[in-house]
$ cat target24.txt   # compact mmCIF, C-alpha atoms
# COMPACT_ATOMS: atom_id res chain seq x y z
CA MET A 1 24.70 -24.17 -42.50
CA ASN A 2 26.94 -25.36 -45.30
CA ASP A 3 24.14 -27.29 -46.96
CA PRO A 4 23.41 -25.29 -50.15
CA ILE A 5 19.78 -26.49 -50.24
CA ALA A 6 19.20 -25.33 -46.67
CA GLN A 7 20.87 -22.03 -47.48
CA THR A 8 18.60 -21.52 -50.49
CA ASP A 9 15.52 -22.32 -48.41
CA SER A 10 16.70 -19.91 -45.75
CA SER A 11 17.28 -17.18 -48.33
CA LYS A 12 13.81 -17.75 -49.79
CA GLU A 13 12.23 -17.59 -46.39
CA SER A 14 14.11 -14.45 -45.40
CA ARG A 15 13.15 -12.86 -48.73
CA ARG A 16 9.52 -13.73 -47.98
CA ILE A 17 9.83 -11.98 -44.60
CA ILE A 18 11.44 -8.89 -46.11
CA ASN A 19 8.70 -8.80 -48.76
CA ALA A 20 6.06 -9.06 -46.05
CA ILE A 21 7.62 -6.05 -44.32
CA LYS A 22 7.55 -4.09 -47.56
CA GLU A 23 4.04 -5.18 -48.58
CA ARG A 24 2.52 -4.39 -45.22
CA ASP A 25 4.20 -1.02 -45.36
CA VAL A 26 5.68 -1.60 -41.93
CA HIS A 27 7.67 1.28 -40.49
CA MET A 28 10.29 1.40 -37.79
CA ARG A 29 9.20 3.16 -34.64
CA PRO A 30 11.35 6.26 -34.29
CA ARG A 31 14.05 6.38 -31.64
CA ARG A 32 12.20 9.12 -29.79
CA TYR A 33 9.31 6.66 -29.20
CA PHE A 34 11.64 4.44 -27.18
CA MET A 35 13.23 7.38 -25.40
CA LEU A 36 9.80 8.68 -24.47
CA ARG A 37 8.72 5.24 -23.29
CA ALA A 38 11.86 4.85 -21.17
CA ALA A 39 11.31 8.32 -19.72
CA LEU A 40 7.66 7.51 -18.95
CA ILE A 41 8.64 4.31 -17.16
CA ALA A 42 11.24 6.17 -15.13
CA VAL A 43 8.80 8.96 -14.25
CA ALA A 44 6.02 6.49 -13.39
CA ALA A 45 8.40 4.50 -11.18
CA PHE A 46 9.57 7.65 -9.43
CA LEU A 47 6.00 8.83 -8.88
CA LEU A 48 5.00 5.44 -7.53
CA PHE A 49 7.97 5.58 -5.18
CA LEU A 50 6.92 9.03 -3.94
CA ILE A 51 3.30 7.92 -3.49
CA LEU A 52 4.47 4.90 -1.51
CA LEU A 53 6.70 7.07 0.63
CA TYR A 54 3.79 9.40 1.29
CA MET A 55 1.40 6.55 2.14
CA VAL A 56 3.79 4.79 4.51
CA SER A 57 4.73 8.04 6.24
CA PHE A 58 1.03 8.85 6.54
CA ILE A 59 0.32 5.49 8.20
CA ILE A 60 3.17 6.08 10.67
CA TYR A 61 2.01 9.64 11.30
CA ALA A 62 -1.63 8.57 11.78
CA LEU A 63 -0.65 5.83 14.24
CA HIS A 64 1.34 8.36 16.24
CA GLU A 65 -1.42 10.94 16.10
CA ASP A 66 -4.17 8.58 17.19
CA GLY A 67 -1.96 7.25 19.98
CA ALA A 68 -2.14 3.61 18.95
CA TRP A 69 1.59 3.53 18.19
CA PHE A 70 2.40 3.93 21.91
CA ALA A 71 0.01 1.15 22.96
CA ALA A 72 2.50 -1.49 21.75
CA ASP A 73 4.45 -0.98 25.01
CA TYR A 74 1.58 -2.44 27.04
CA GLY A 75 1.44 -6.14 26.30
CA ILE A 76 -1.07 -8.12 24.32
CA SER A 77 -3.90 -5.61 24.87
CA GLY A 78 -1.65 -2.86 23.51
CA TRP A 79 -0.63 -4.87 20.48
CA SER A 80 -4.21 -5.78 19.65
CA LEU A 81 -5.10 -2.08 19.93
CA LEU A 82 -2.24 -1.18 17.60
CA LEU A 83 -3.15 -3.90 15.08
CA GLY A 84 -6.75 -2.77 15.15
CA ALA A 85 -5.75 0.83 14.51
CA ILE A 86 -3.56 0.11 11.49
CA PRO A 87 -5.31 1.29 8.31
CA TRP A 88 -5.09 -2.13 6.65
CA GLY A 89 -6.86 -1.03 3.48
CA LEU A 90 -4.23 1.62 2.94
CA LEU A 91 -1.42 -0.80 3.77
CA ILE A 92 -2.70 -3.42 1.33
CA PHE A 93 -3.07 -0.74 -1.34
CA ALA A 94 0.53 0.33 -0.66
CA PHE A 95 1.67 -3.28 -1.11
CA ILE A 96 -0.15 -3.51 -4.43
CA LEU A 97 1.59 -0.31 -5.53
CA LEU A 98 4.88 -1.82 -4.41
CA LEU A 99 4.30 -4.87 -6.64
CA LEU A 100 3.41 -2.52 -9.46
CA LEU A 101 6.64 -0.62 -8.91
CA ALA A 102 8.67 -3.85 -8.87
CA ASN A 103 6.99 -4.95 -12.10
CA LEU A 104 7.70 -1.60 -13.71
CA LEU A 105 11.35 -1.73 -12.73
CA ARG A 106 11.74 -5.21 -14.16
CA HIS A 107 12.04 -3.49 -17.54
CA TYR A 108 15.60 -2.81 -16.42
CA THR A 109 17.83 -5.88 -16.65
CA PHE A 110 19.84 -4.96 -13.54
CA VAL A 111 16.56 -5.28 -11.65
CA SER A 112 15.09 -8.30 -13.43
CA HIS A 113 18.28 -10.28 -12.80
CA GLN A 114 17.71 -10.09 -9.04
CA PRO A 115 15.29 -12.32 -7.11
CA LEU A 116 12.03 -10.50 -6.54
CA PHE A 117 12.21 -11.12 -2.80
CA TYR A 118 15.43 -9.11 -2.47
CA LEU A 119 13.95 -6.30 -4.54
CA LEU A 120 10.79 -6.14 -2.44
CA PHE A 121 12.77 -6.39 0.79
CA ALA A 122 15.09 -3.56 -0.26
CA PHE A 123 12.12 -1.39 -1.21
CA ILE A 124 10.28 -2.12 2.03
CA VAL A 125 13.35 -1.15 4.08
CA ILE A 126 14.00 2.04 2.06
CA ILE A 127 10.35 3.12 2.04
CA THR A 128 9.84 2.36 5.74
CA LEU A 129 12.96 4.31 6.74
CA GLY A 130 11.95 7.14 4.42
CA GLY A 131 8.42 6.96 5.86
CA PHE A 132 9.68 7.37 9.43
CA PHE A 133 11.80 10.32 8.36
CA LEU A 134 8.94 11.98 6.51
CA ALA A 135 6.50 11.31 9.35
CA ALA A 136 8.80 13.23 11.68
CA THR A 137 8.76 16.33 9.50
CA ALA A 138 6.06 18.99 9.36
CA LEU A 139 4.69 17.60 6.07
CA HIS A 140 1.64 15.82 7.47
CA PRO A 141 0.63 18.37 10.14
CA ASP A 142 0.91 21.11 7.50
CA LEU A 143 -1.00 19.09 4.91
CA SER A 144 -3.64 18.17 7.47
CA GLN A 145 -4.11 21.82 8.40
CA TYR A 146 -4.09 23.02 4.81
CA SER A 147 -6.46 20.35 3.51
CA ALA A 148 -8.91 20.85 6.38
CA ALA A 149 -9.50 24.33 5.02
CA ASN A 150 -8.94 23.84 1.30
CA VAL A 151 -9.28 20.20 0.24
CA PRO A 152 -12.33 18.76 2.00
CA PHE A 153 -11.78 15.15 0.85
CA LEU A 154 -8.17 15.06 2.01
CA GLY A 155 -9.08 17.00 5.16
CA ASN A 156 -11.72 14.43 6.08
CA PHE A 157 -9.27 11.66 5.35
CA TYR A 158 -6.69 13.12 7.73
CA GLU A 159 -9.36 13.69 10.36
CA TYR A 160 -10.74 10.18 10.05
CA GLU A 161 -7.40 8.40 10.09
CA THR A 162 -5.97 10.38 12.99
CA ALA A 163 -9.07 10.15 15.20
CA PHE A 164 -8.50 8.31 18.48
CA PRO A 165 -9.70 4.71 18.57
CA ALA A 166 -12.41 4.05 21.20
CA SER A 167 -9.87 2.67 23.64
CA VAL A 168 -7.38 5.55 23.44
CA HIS A 169 -8.11 8.63 25.55
CA ARG A 170 -6.01 11.76 25.54
CA GLY A 171 -6.17 14.30 28.32
CA VAL A 172 -4.40 16.36 30.98
CA ILE A 173 -4.15 14.98 34.51
CA THR A 174 -6.12 17.39 36.67
CA SER A 175 -6.17 15.59 40.02
CA PHE A 176 -5.35 12.33 41.78
CA THR A 177 -7.89 10.04 43.44
CA ASP A 178 -7.53 7.01 45.71
CA GLY A 179 -7.26 4.47 42.93
CA GLY A 180 -5.95 6.66 40.13
CA PHE A 181 -6.52 10.12 38.73
CA THR A 182 -8.82 12.24 36.62
CA ILE A 183 -8.10 13.63 33.17
CA THR A 184 -9.70 16.41 31.20
CA ASP A 185 -9.73 16.05 27.43
CA ASP A 186 -9.49 18.71 24.70
CA VAL A 187 -13.22 19.48 24.83
CA GLY A 188 -13.33 19.74 28.61
CA ILE A 189 -14.82 16.35 29.49
CA THR A 190 -13.42 14.93 32.70
CA SER A 191 -12.93 11.18 33.18
CA SER A 192 -11.70 9.04 36.05
CA VAL A 193 -8.87 6.67 35.32
CA VAL A 194 -8.20 3.51 37.33
CA ALA A 195 -5.82 0.63 36.75
CA ALA A 196 -7.38 -2.40 35.09
CA THR A 197 -7.39 -5.65 37.04
CA GLY A 198 -3.89 -7.10 37.27
CA VAL A 199 -2.24 -3.92 36.02
CA VAL A 200 0.16 -1.82 38.09
CA PHE A 201 1.41 1.58 36.98
CA ILE A 202 5.03 2.16 37.74
CA GLN A 203 5.49 5.56 36.10
CA ASP A 204 5.55 8.76 38.09
CA PHE A 205 2.76 11.07 36.90
CA HIS A 206 2.06 14.65 37.85
CA VAL A 207 -0.84 17.03 37.57
CA GLY A 208 -0.49 18.82 34.26
CA ASP A 209 0.96 15.83 32.42
CA VAL A 210 -0.61 15.25 29.02
CA VAL A 211 -1.25 11.51 28.84
CA LEU A 212 -2.65 8.87 26.56
CA VAL A 213 -4.75 6.39 28.47
CA PHE A 214 -5.29 2.99 26.90
CA GLY A 215 -8.34 1.12 28.10
CA THR A 216 -12.10 0.79 27.92
CA ARG A 217 -14.58 3.20 29.43
CA ASN A 218 -17.32 1.59 31.51
CA ALA A 219 -20.94 2.71 31.81
CA SER A 220 -20.17 5.13 34.64
CA GLY A 221 -17.51 6.87 32.53
CA THR A 222 -14.49 5.49 34.38
CA ILE A 223 -11.61 4.32 32.19
CA SER A 224 -10.12 1.01 33.16
CA ALA A 225 -6.55 1.51 31.90
CA PHE A 226 -4.10 -1.18 30.88
CA GLY A 227 -1.51 1.43 29.97
CA ILE A 228 -0.75 5.13 30.34
CA GLN A 229 1.77 7.04 28.30
CA ARG A 230 2.96 10.55 29.13
CA ILE A 231 3.28 12.48 25.88
CA GLY A 232 3.96 15.99 27.20
CA ILE A 233 3.20 18.67 29.71
CA ALA A 234 0.20 20.95 29.36
CA THR A 235 1.09 24.58 28.61
CA SER A 236 -1.64 25.82 30.96
CA THR A 237 -1.57 23.50 33.92
CA PRO A 238 -4.87 23.10 35.78
CA THR A 239 -4.83 23.81 39.53
CA SER A 240 -3.32 20.89 41.34
CA SER A 241 -5.36 19.23 44.05
CA ALA A 242 -3.00 16.40 44.89
CA PRO A 243 0.74 15.80 44.93
CA ALA A 244 2.50 13.48 42.53
CA SER A 245 1.44 9.98 43.34
CA PRO A 246 3.68 7.31 42.00
CA VAL A 247 2.12 3.87 41.96
CA LEU A 248 4.84 1.30 42.24
CA PRO A 249 4.69 -2.46 42.15
CA MET B 250 30.66 -16.47 -55.99
CA GLU B 251 28.85 -15.71 -52.76
CA THR B 252 30.69 -13.87 -50.01
CA ARG B 253 29.75 -14.14 -46.36
CA ASP B 254 29.18 -10.94 -44.39
CA GLU B 255 31.60 -11.01 -41.46
CA ARG B 256 30.04 -8.13 -39.60
CA ARG B 257 28.67 -8.76 -36.12
CA ASP B 258 24.88 -8.80 -35.65
CA GLU B 259 25.08 -5.61 -33.64
CA GLU B 260 26.92 -3.80 -36.44
CA ILE B 261 24.31 -4.92 -38.94
CA ALA B 262 21.53 -3.83 -36.57
CA ALA B 263 23.17 -0.40 -36.32
CA GLN B 264 23.09 -0.22 -40.12
CA VAL B 265 19.39 -1.19 -40.14
CA GLN B 266 18.69 1.52 -37.59
CA LYS B 267 19.79 3.98 -40.25
CA GLY B 268 16.81 2.81 -42.33
CA ASP B 269 18.43 0.16 -44.51
CA ILE B 270 15.73 -2.50 -44.84
CA GLU B 271 17.78 -4.66 -47.21
CA THR B 272 20.49 -5.05 -44.56
CA PHE B 273 17.82 -6.37 -42.25
CA GLN B 274 17.62 -9.38 -44.54
CA LEU B 275 21.09 -10.39 -43.34
CA LEU B 276 19.79 -10.63 -39.79
CA VAL B 277 16.73 -12.53 -40.97
CA GLU B 278 18.95 -15.00 -42.81
CA ARG B 279 21.15 -15.49 -39.76
CA TYR B 280 18.27 -16.10 -37.37
CA GLU B 281 15.41 -17.44 -39.47
CA GLN B 282 16.29 -21.09 -38.91
CA LYS B 283 17.03 -20.61 -35.24
CA MET B 284 13.70 -18.85 -34.76
CA GLY B 285 11.94 -21.63 -36.65
CA ARG B 286 13.46 -24.23 -34.37
CA TYR B 287 12.64 -22.14 -31.31
CA ALA B 288 9.00 -21.92 -32.46
CA ARG B 289 8.81 -25.67 -33.05
CA ARG B 290 10.23 -26.29 -29.59
CA PHE B 291 7.48 -24.07 -28.28
CA LEU B 292 5.24 -26.74 -29.82
CA PHE B 293 4.18 -24.77 -32.86
CA ASP B 294 4.47 -26.49 -36.19
CA GLY B 295 4.18 -26.02 -39.95
CA ASP B 296 2.63 -22.83 -41.23
CA GLU B 297 1.80 -21.61 -37.76
CA ALA B 298 5.49 -21.61 -36.84
CA LYS B 299 6.38 -19.87 -40.13
CA ASP B 300 3.78 -17.16 -39.54
CA LEU B 301 4.91 -16.62 -35.99
CA VAL B 302 8.55 -16.36 -37.05
CA GLN B 303 7.53 -13.82 -39.67
CA GLU B 304 5.74 -11.81 -36.98
CA VAL B 305 8.84 -11.96 -34.79
CA PHE B 306 10.99 -10.44 -37.52
CA ILE B 307 8.39 -7.81 -38.37
CA LYS B 308 8.27 -6.80 -34.69
CA ALA B 309 12.05 -6.81 -34.54
CA TYR B 310 12.14 -4.50 -37.54
CA VAL B 311 9.48 -2.18 -36.11
CA ASN B 312 11.29 -1.97 -32.77
CA ILE B 313 14.89 -2.03 -33.92
CA GLN B 314 15.46 1.59 -32.93
CA GLY B 315 14.89 0.45 -29.36
CA PHE B 316 17.78 -2.02 -29.58
CA ASP B 317 20.93 -0.90 -27.79
CA THR B 318 23.79 -1.81 -30.13
CA ASP B 319 26.18 -2.00 -27.17
CA ARG B 320 24.35 -5.14 -26.09
CA ARG B 321 23.98 -8.50 -27.80
CA PHE B 322 21.40 -8.77 -30.55
CA SER B 323 20.55 -12.42 -30.04
CA PRO B 324 18.89 -12.19 -26.55
CA TRP B 325 16.98 -9.11 -27.73
CA LEU B 326 15.52 -11.00 -30.69
CA TYR B 327 14.77 -14.06 -28.57
CA ARG B 328 12.95 -11.82 -26.09
CA ILE B 329 10.64 -10.65 -28.89
CA ALA B 330 10.16 -14.27 -30.00
CA HIS B 331 9.43 -15.36 -26.42
CA ASN B 332 6.72 -12.71 -26.05
CA GLU B 333 5.24 -13.53 -29.45
CA PHE B 334 5.12 -17.27 -28.76
CA VAL B 335 3.75 -16.87 -25.23
CA ASN B 336 0.98 -14.63 -26.58
CA ALA B 337 0.22 -17.17 -29.31
CA LEU B 338 0.04 -19.92 -26.70
CA LYS B 339 -2.32 -17.81 -24.62
CA LYS B 340 -4.58 -17.41 -27.63
CA LYS B 341 -4.52 -21.12 -28.26
CA LYS B 342 -5.19 -21.73 -24.56
CA LYS B 343 -2.95 -24.72 -24.85
CA GLU B 344 -1.10 -23.86 -21.73
CA ARG B 345 -1.53 -21.31 -19.04
CA ALA B 346 0.72 -18.34 -19.58
CA ASN B 347 3.73 -18.17 -17.37
CA ILE B 348 3.24 -15.23 -14.99
CA SER B 349 6.83 -15.21 -13.87
CA LEU B 350 6.63 -12.32 -11.41
CA PHE B 351 4.70 -14.37 -8.88
CA ASP B 352 6.51 -17.68 -9.30
CA LEU B 353 8.15 -18.84 -6.12
CA ASP B 354 11.44 -19.46 -7.93
CA VAL B 355 11.41 -15.87 -9.22
CA LEU B 356 10.54 -14.53 -5.78
CA LEU B 357 13.35 -16.35 -4.01
CA PRO B 358 15.32 -18.92 -6.02
CA SER B 359 16.96 -21.66 -3.97
CA LEU B 360 20.67 -20.84 -3.98
CA LYS B 361 21.67 -24.49 -3.64
CA LEU B 362 20.48 -25.23 -7.16
CA THR B 363 22.17 -22.41 -9.01
CA ALA B 364 25.60 -23.87 -9.71
CA LYS B 365 26.07 -24.64 -13.38
CA GLU B 366 27.89 -27.88 -12.70
CA THR B 367 25.00 -29.33 -10.71
CA ALA B 368 22.73 -28.68 -13.67
CA ASP B 369 24.87 -30.86 -15.93
CA GLY B 370 25.64 -33.73 -13.57
CA GLY B 371 25.51 -37.22 -15.01
CA PHE B 372 24.75 -36.34 -18.64
CA ASN B 373 26.75 -35.20 -21.59
CA GLN B 374 25.46 -32.43 -23.83
CA GLN B 375 24.60 -34.67 -26.77
CA GLU B 376 22.67 -37.14 -24.62
CA LEU B 377 20.74 -34.34 -23.02
CA LYS B 378 19.88 -32.74 -26.36
CA LYS B 379 18.63 -36.07 -27.65
CA MET B 380 16.56 -36.73 -24.55
CA LEU B 381 15.20 -33.23 -24.62
CA GLU B 382 14.23 -33.35 -28.27
CA GLY B 383 12.15 -36.44 -27.68
CA SER B 384 10.43 -35.21 -24.52
CA LEU B 385 9.79 -31.52 -25.11
CA ASP B 386 6.02 -31.81 -25.20
CA ARG B 387 6.02 -33.47 -21.77
CA ILE B 388 8.00 -30.76 -20.00
CA PRO B 389 6.10 -27.68 -18.77
CA GLN B 390 6.91 -24.53 -20.69
CA LYS B 391 8.43 -22.89 -17.60
CA TYR B 392 11.23 -25.51 -17.61
CA ARG B 393 11.22 -26.32 -21.31
CA GLU B 394 12.24 -22.85 -22.45
CA PRO B 395 15.42 -22.48 -20.36
CA LEU B 396 16.45 -26.00 -21.41
CA VAL B 397 15.92 -25.15 -25.10
CA LEU B 398 17.79 -21.85 -24.85
CA TYR B 399 20.66 -23.44 -22.93
CA TYR B 400 21.15 -26.64 -24.90
CA PHE B 401 19.94 -25.80 -28.38
CA ASP B 402 20.60 -22.08 -28.65
CA GLU B 403 23.70 -22.26 -26.46
CA MET B 404 22.93 -19.19 -24.41
CA ASP B 405 24.51 -18.59 -21.03
CA TYR B 406 22.53 -18.03 -17.83
CA LYS B 407 22.64 -14.25 -18.13
CA GLU B 408 21.35 -14.29 -21.70
CA ILE B 409 18.54 -16.67 -20.78
CA ALA B 410 17.69 -14.37 -17.86
CA ASP B 411 17.53 -11.47 -20.34
CA VAL B 412 15.21 -13.36 -22.68
CA LEU B 413 12.85 -14.59 -19.97
CA ARG B 414 13.19 -11.53 -17.68
CA ILE B 415 13.84 -13.68 -14.66
CA PRO B 416 16.68 -13.65 -12.11
CA VAL B 417 19.90 -15.36 -13.18
CA SER B 418 19.66 -17.75 -10.23
CA THR B 419 16.12 -18.71 -11.30
CA VAL B 420 17.56 -19.84 -14.64
CA GLY B 421 19.80 -22.26 -12.74
CA VAL B 422 16.90 -23.52 -10.67
CA ARG B 423 14.69 -24.10 -13.70
CA LEU B 424 17.44 -25.84 -15.65
CA GLN B 425 18.08 -28.12 -12.72
CA ARG B 426 14.40 -28.92 -12.22
CA GLY B 427 13.87 -29.32 -15.96
CA LYS B 428 16.64 -31.88 -16.06
CA ILE B 429 15.27 -33.76 -13.09
CA MET B 430 11.95 -33.95 -14.97
CA LEU B 431 13.76 -35.12 -18.08
CA ARG B 432 15.54 -37.83 -16.12
CA LYS B 433 12.21 -39.07 -14.81
CA LEU B 434 10.71 -39.05 -18.28
CA VAL B 435 13.57 -40.98 -19.84
CA PRO B 436 14.70 -43.31 -17.06
CA GLU B 437 16.26 -45.95 -19.31
CA GLN B 438 18.73 -43.47 -20.76
CA THR B 439 20.02 -42.46 -17.37
CA LYS B 440 21.15 -45.96 -16.44
$ encode --input "target24.txt" --output "structure tokens"
Amino acid sequence: MNDPIAQTDSSKESRRIINAIKERDVHMRPRRYFMLRAALIAVAAFLLFLILLYMVSFIIYALHEDGAWFAADYGISGWSLLLGAIPWGLLIFAFILLLLLANLLRHYTFVSHQPLFYLLFAFIVIITLGGFFLAATALHPDLSQYSAANVPFLGNFYEYETAFPASVHRGVITSFTDGGFTITDDVGITSSVVAATGVVFIQDFHVGDVVLVFGTRNASGTISAFGIQRIGIATSTPTSSAPASPVLP
Amino acid sequence: METRDERRDEEIAAQVQKGDIETFQLLVERYEQKMGRYARRFLFDGDEAKDLVQEVFIKAYVNIQGFDTDRRFSPWLYRIAHNEFVNALKKKKKERANISLFDLDVLLPSLKLTAKETADGGFNQQELKKMLEGSLDRIPQKYREPLVLYYFDEMDYKEIADVLRIPVSTVGVRLQRGKIMLRKLVPEQTK
């Protein structure tokens, strides 16, 4: 830098740049522009976070509502039922939003200095935990109820996503038969339930138990169950025609 | 007799933020040559490099109110230059733009490669600079840029991470890989 010729060249060049700024009538962006931009990024990131929280909690809520969540306790058939019931489109969309959120937050150096994997992992943990918490609150039942009456699109969405998959049947045990029992669902349809081949039920069921039955229904209407989950007791218990009948291995 | 302004870049930038365009010339003088070299190492030359450097300073001037004077000015200016040069490269379609968010070494950098001393093993600074100068066009941009910023602009890992918006550990990984590439390109100098 001590070379006087180089210094002169540098001065000329810097003068040329300053002149270009003046000639083009370039103006500084005001400080409030940057403050507004920073605020917008923060608000957008926060909104994205809330949307993600809502979506993940909705997925958890829907899987609980449609019964598929409980199927995971019943081996490979249960897992395949659960995997089939996951709203993958929604989950993939949530992941895209997560990448968007990570990209947005990379404007902050404390975020961009960390490996992306750690950032995504931390977000997935936080959002999943938050999702479980939110799914346990009255948010979704209330929203479902409210939207059914007031927001048709959202109402249909809730109804569609929480509908039982074909191999999940909810009902109240009304009586026991030789090989199983009968259930009556919410609309009064009665179905026979028997254990699928190679499956043994070890839980103690009673008339009046509200159960989720996992299995396929054959042509005669009998459900061949690979799993049964008690989820409650009916408030108005139907008349019992048989005693509790535990089926043990 | 000419006197040299002893103020720090950040102090001068604070003065410019008050609207003093003439003071901005001090910053231009301090960085014009560095930016020129940075542009040439991005494989721009002649008038194209001059025009790009001019654009960098114009953008720096336009956005100077967004500069936080509590932080270092140099990485902030290099960040603007990096964006300007990458965009120019995209236009030229000379190289594919570096979409760093989805690079594997941004996603999860290998921790084994992050130590500074492993990045320097076997070479001295001068040798490396010489080797690098002669082989820049044969090193992919992803590895070239950290090498240039580290060896020619003497930035530390954190500053390079600021300029490139990548994790600090990724800087180490890229420097290490860049040097391995360099060693392969100039095998006779490593003996």
$ interface_residues --input "target24.txt" --of "chain A" --to "chain B" --cutoff "6 Å" --atoms "only C-alpha atoms" --output "list in words"
Ser14, Ile17, His27, Met28, Arg29, Arg31, Phe34, Ser112, His113, Gln114, Pro115, Leu116 and Phe117 of chain A
$ write_last_selection --input "target24.txt" --atoms "C-alpha atoms" --output "compact mmCIF listing (two decimals), in the frame of the given file"
# COMPACT_ATOMS: atom_id res chain seq x y z
CA SER A 14 14.11 -14.45 -45.40
CA ILE A 17 9.83 -11.98 -44.60
CA HIS A 27 7.67 1.28 -40.49
CA MET A 28 10.29 1.40 -37.79
CA ARG A 29 9.20 3.16 -34.64
CA ARG A 31 14.05 6.38 -31.64
CA PHE A 34 11.64 4.44 -27.18
CA SER A 112 15.09 -8.30 -13.43
CA HIS A 113 18.28 -10.28 -12.80
CA GLN A 114 17.71 -10.09 -9.04
CA PRO A 115 15.29 -12.32 -7.11
CA LEU A 116 12.03 -10.50 -6.54
CA PHE A 117 12.21 -11.12 -2.80
$ residues_near_point --input "target24.txt" --point "(25.2, -4.7, -28.6)" --cutoff "12 Å" --atoms "only C-alpha atoms" --output "list in words"
Arg257, Asp258, Glu259, Glu260, Ile261, Ala262, Ala263, Ile313, Gly315, Phe316, Asp317, Thr318, Asp319, Arg320, Arg321, Phe322, Ser323, Pro324, Trp325 and Leu326 of chain B
$ atom_distance --input "target24.txt" --atom1 "CA of Asp178 (chain A)" --atom2 "CA of Val211 (chain A)"
18.6 Å
$ closest_residue --input "target24.txt" --among "A:Ser57, A:Ser167, A:Ser192, A:Ser175" --to "Leu134 (chain A)" --atoms "all atoms listed in the file"
A:Ser57
$ atom_distance --input "target24.txt" --atom1 "CA of Ile409 (chain B)" --atom2 "CA of Leu396 (chain B)"
9.6 Å
$ atom_distance --input "target24.txt" --atom1 "CA of Gly221 (chain A)" --atom2 "CA of Asp185 (chain A)"
13.1 Å
$ residues_around --input "target24.txt" --residues "Leu139 (chain A)" --least-positions-apart "2" --cutoff "10 Å" --atoms "all atoms listed in the file" --output "PyMOL selection string"
chain A and resi 54+57-58+61+134-137+141-144
$ residues_around --input "target24.txt" --residues "Asp66 (chain A)" --least-positions-apart "4" --cutoff "9 Å" --atoms "all atoms listed in the file" --output "number ranges by chain"
A: 61-62, 85, 161-165, 168
$ residues_near_point --input "target24.txt" --point "(15.2, -32.3, -26.3)" --cutoff "9 Å" --atoms "all atoms listed in the file" --output "ChimeraX atom specification"
/B:290,377-385,393,396-397,400-401,431
$ residues_around --input "target24.txt" --residues "Asp209 (chain A)" --least-positions-apart "2" --cutoff "10 Å" --atoms "only C-alpha atoms" --output "list in words"
Gly171, Val172, Ile173, Thr174, Ile183, Phe205, His206, Val207, Val211, Leu212, Gln229, Arg230, Ile231, Gly232, Ile233, Ala234, Thr235, Thr237 and Pro238 of chain A
$ closest_residue --input "target24.txt" --among "A:Trp79, A:Phe132, A:Phe226, A:Phe181" --to "Ile60 (chain A)" --atoms "only C-alpha atoms"
A:Phe132
$ closest_residue --input "target24.txt" --among "B:Asp296, B:Phe291, B:Ile388, B:Asn373" --to "Ala337 (chain B)" --atoms "all atoms listed in the file"
B:Phe291
$ build_atoms --input "target24.txt" --residues "region 252-263 of chain B" --atoms "N, CA and C atoms" --output "short mmCIF file (atom, residue, chain, number, x, y, z; two decimals), in the frame of the given file"
data_model
loop_
_atom_site.label_atom_id
_atom_site.label_comp_id
_atom_site.auth_asym_id
_atom_site.auth_seq_id
_atom_site.Cartn_x
_atom_site.Cartn_y
_atom_site.Cartn_z
N THR B 252 29.80 -14.19 -51.12
CA THR B 252 30.69 -13.87 -50.01
C THR B 252 29.87 -13.75 -48.73
N ARG B 253 30.47 -14.14 -47.62
CA ARG B 253 29.75 -14.14 -46.36
C ARG B 253 30.05 -12.84 -45.61
N ASP B 254 29.00 -12.19 -45.13
CA ASP B 254 29.18 -10.94 -44.39
C ASP B 254 29.74 -11.26 -43.01
N GLU B 255 30.92 -10.69 -42.72
CA GLU B 255 31.60 -11.01 -41.46
C GLU B 255 31.22 -10.07 -40.33
N ARG B 256 30.38 -9.09 -40.64
CA ARG B 256 30.04 -8.13 -39.60
C ARG B 256 29.27 -8.79 -38.46
N ARG B 257 29.42 -8.24 -37.26
CA ARG B 257 28.67 -8.76 -36.12
C ARG B 257 27.20 -8.35 -36.26
N ASP B 258 26.32 -9.10 -35.60
CA ASP B 258 24.88 -8.80 -35.65
C ASP B 258 24.61 -7.36 -35.24
N GLU B 259 25.33 -6.93 -34.21
CA GLU B 259 25.08 -5.61 -33.64
C GLU B 259 25.45 -4.50 -34.64
N GLU B 260 26.51 -4.79 -35.42
CA GLU B 260 26.92 -3.80 -36.44
C GLU B 260 25.87 -3.73 -37.55
N ILE B 261 25.35 -4.89 -37.90
CA ILE B 261 24.31 -4.92 -38.94
C ILE B 261 23.05 -4.20 -38.43
N ALA B 262 22.71 -4.48 -37.15
CA ALA B 262 21.53 -3.83 -36.57
C ALA B 262 21.68 -2.31 -36.58
N ALA B 263 22.92 -1.84 -36.31
CA ALA B 263 23.17 -0.40 -36.32
C ALA B 263 22.93 0.17 -37.72
#
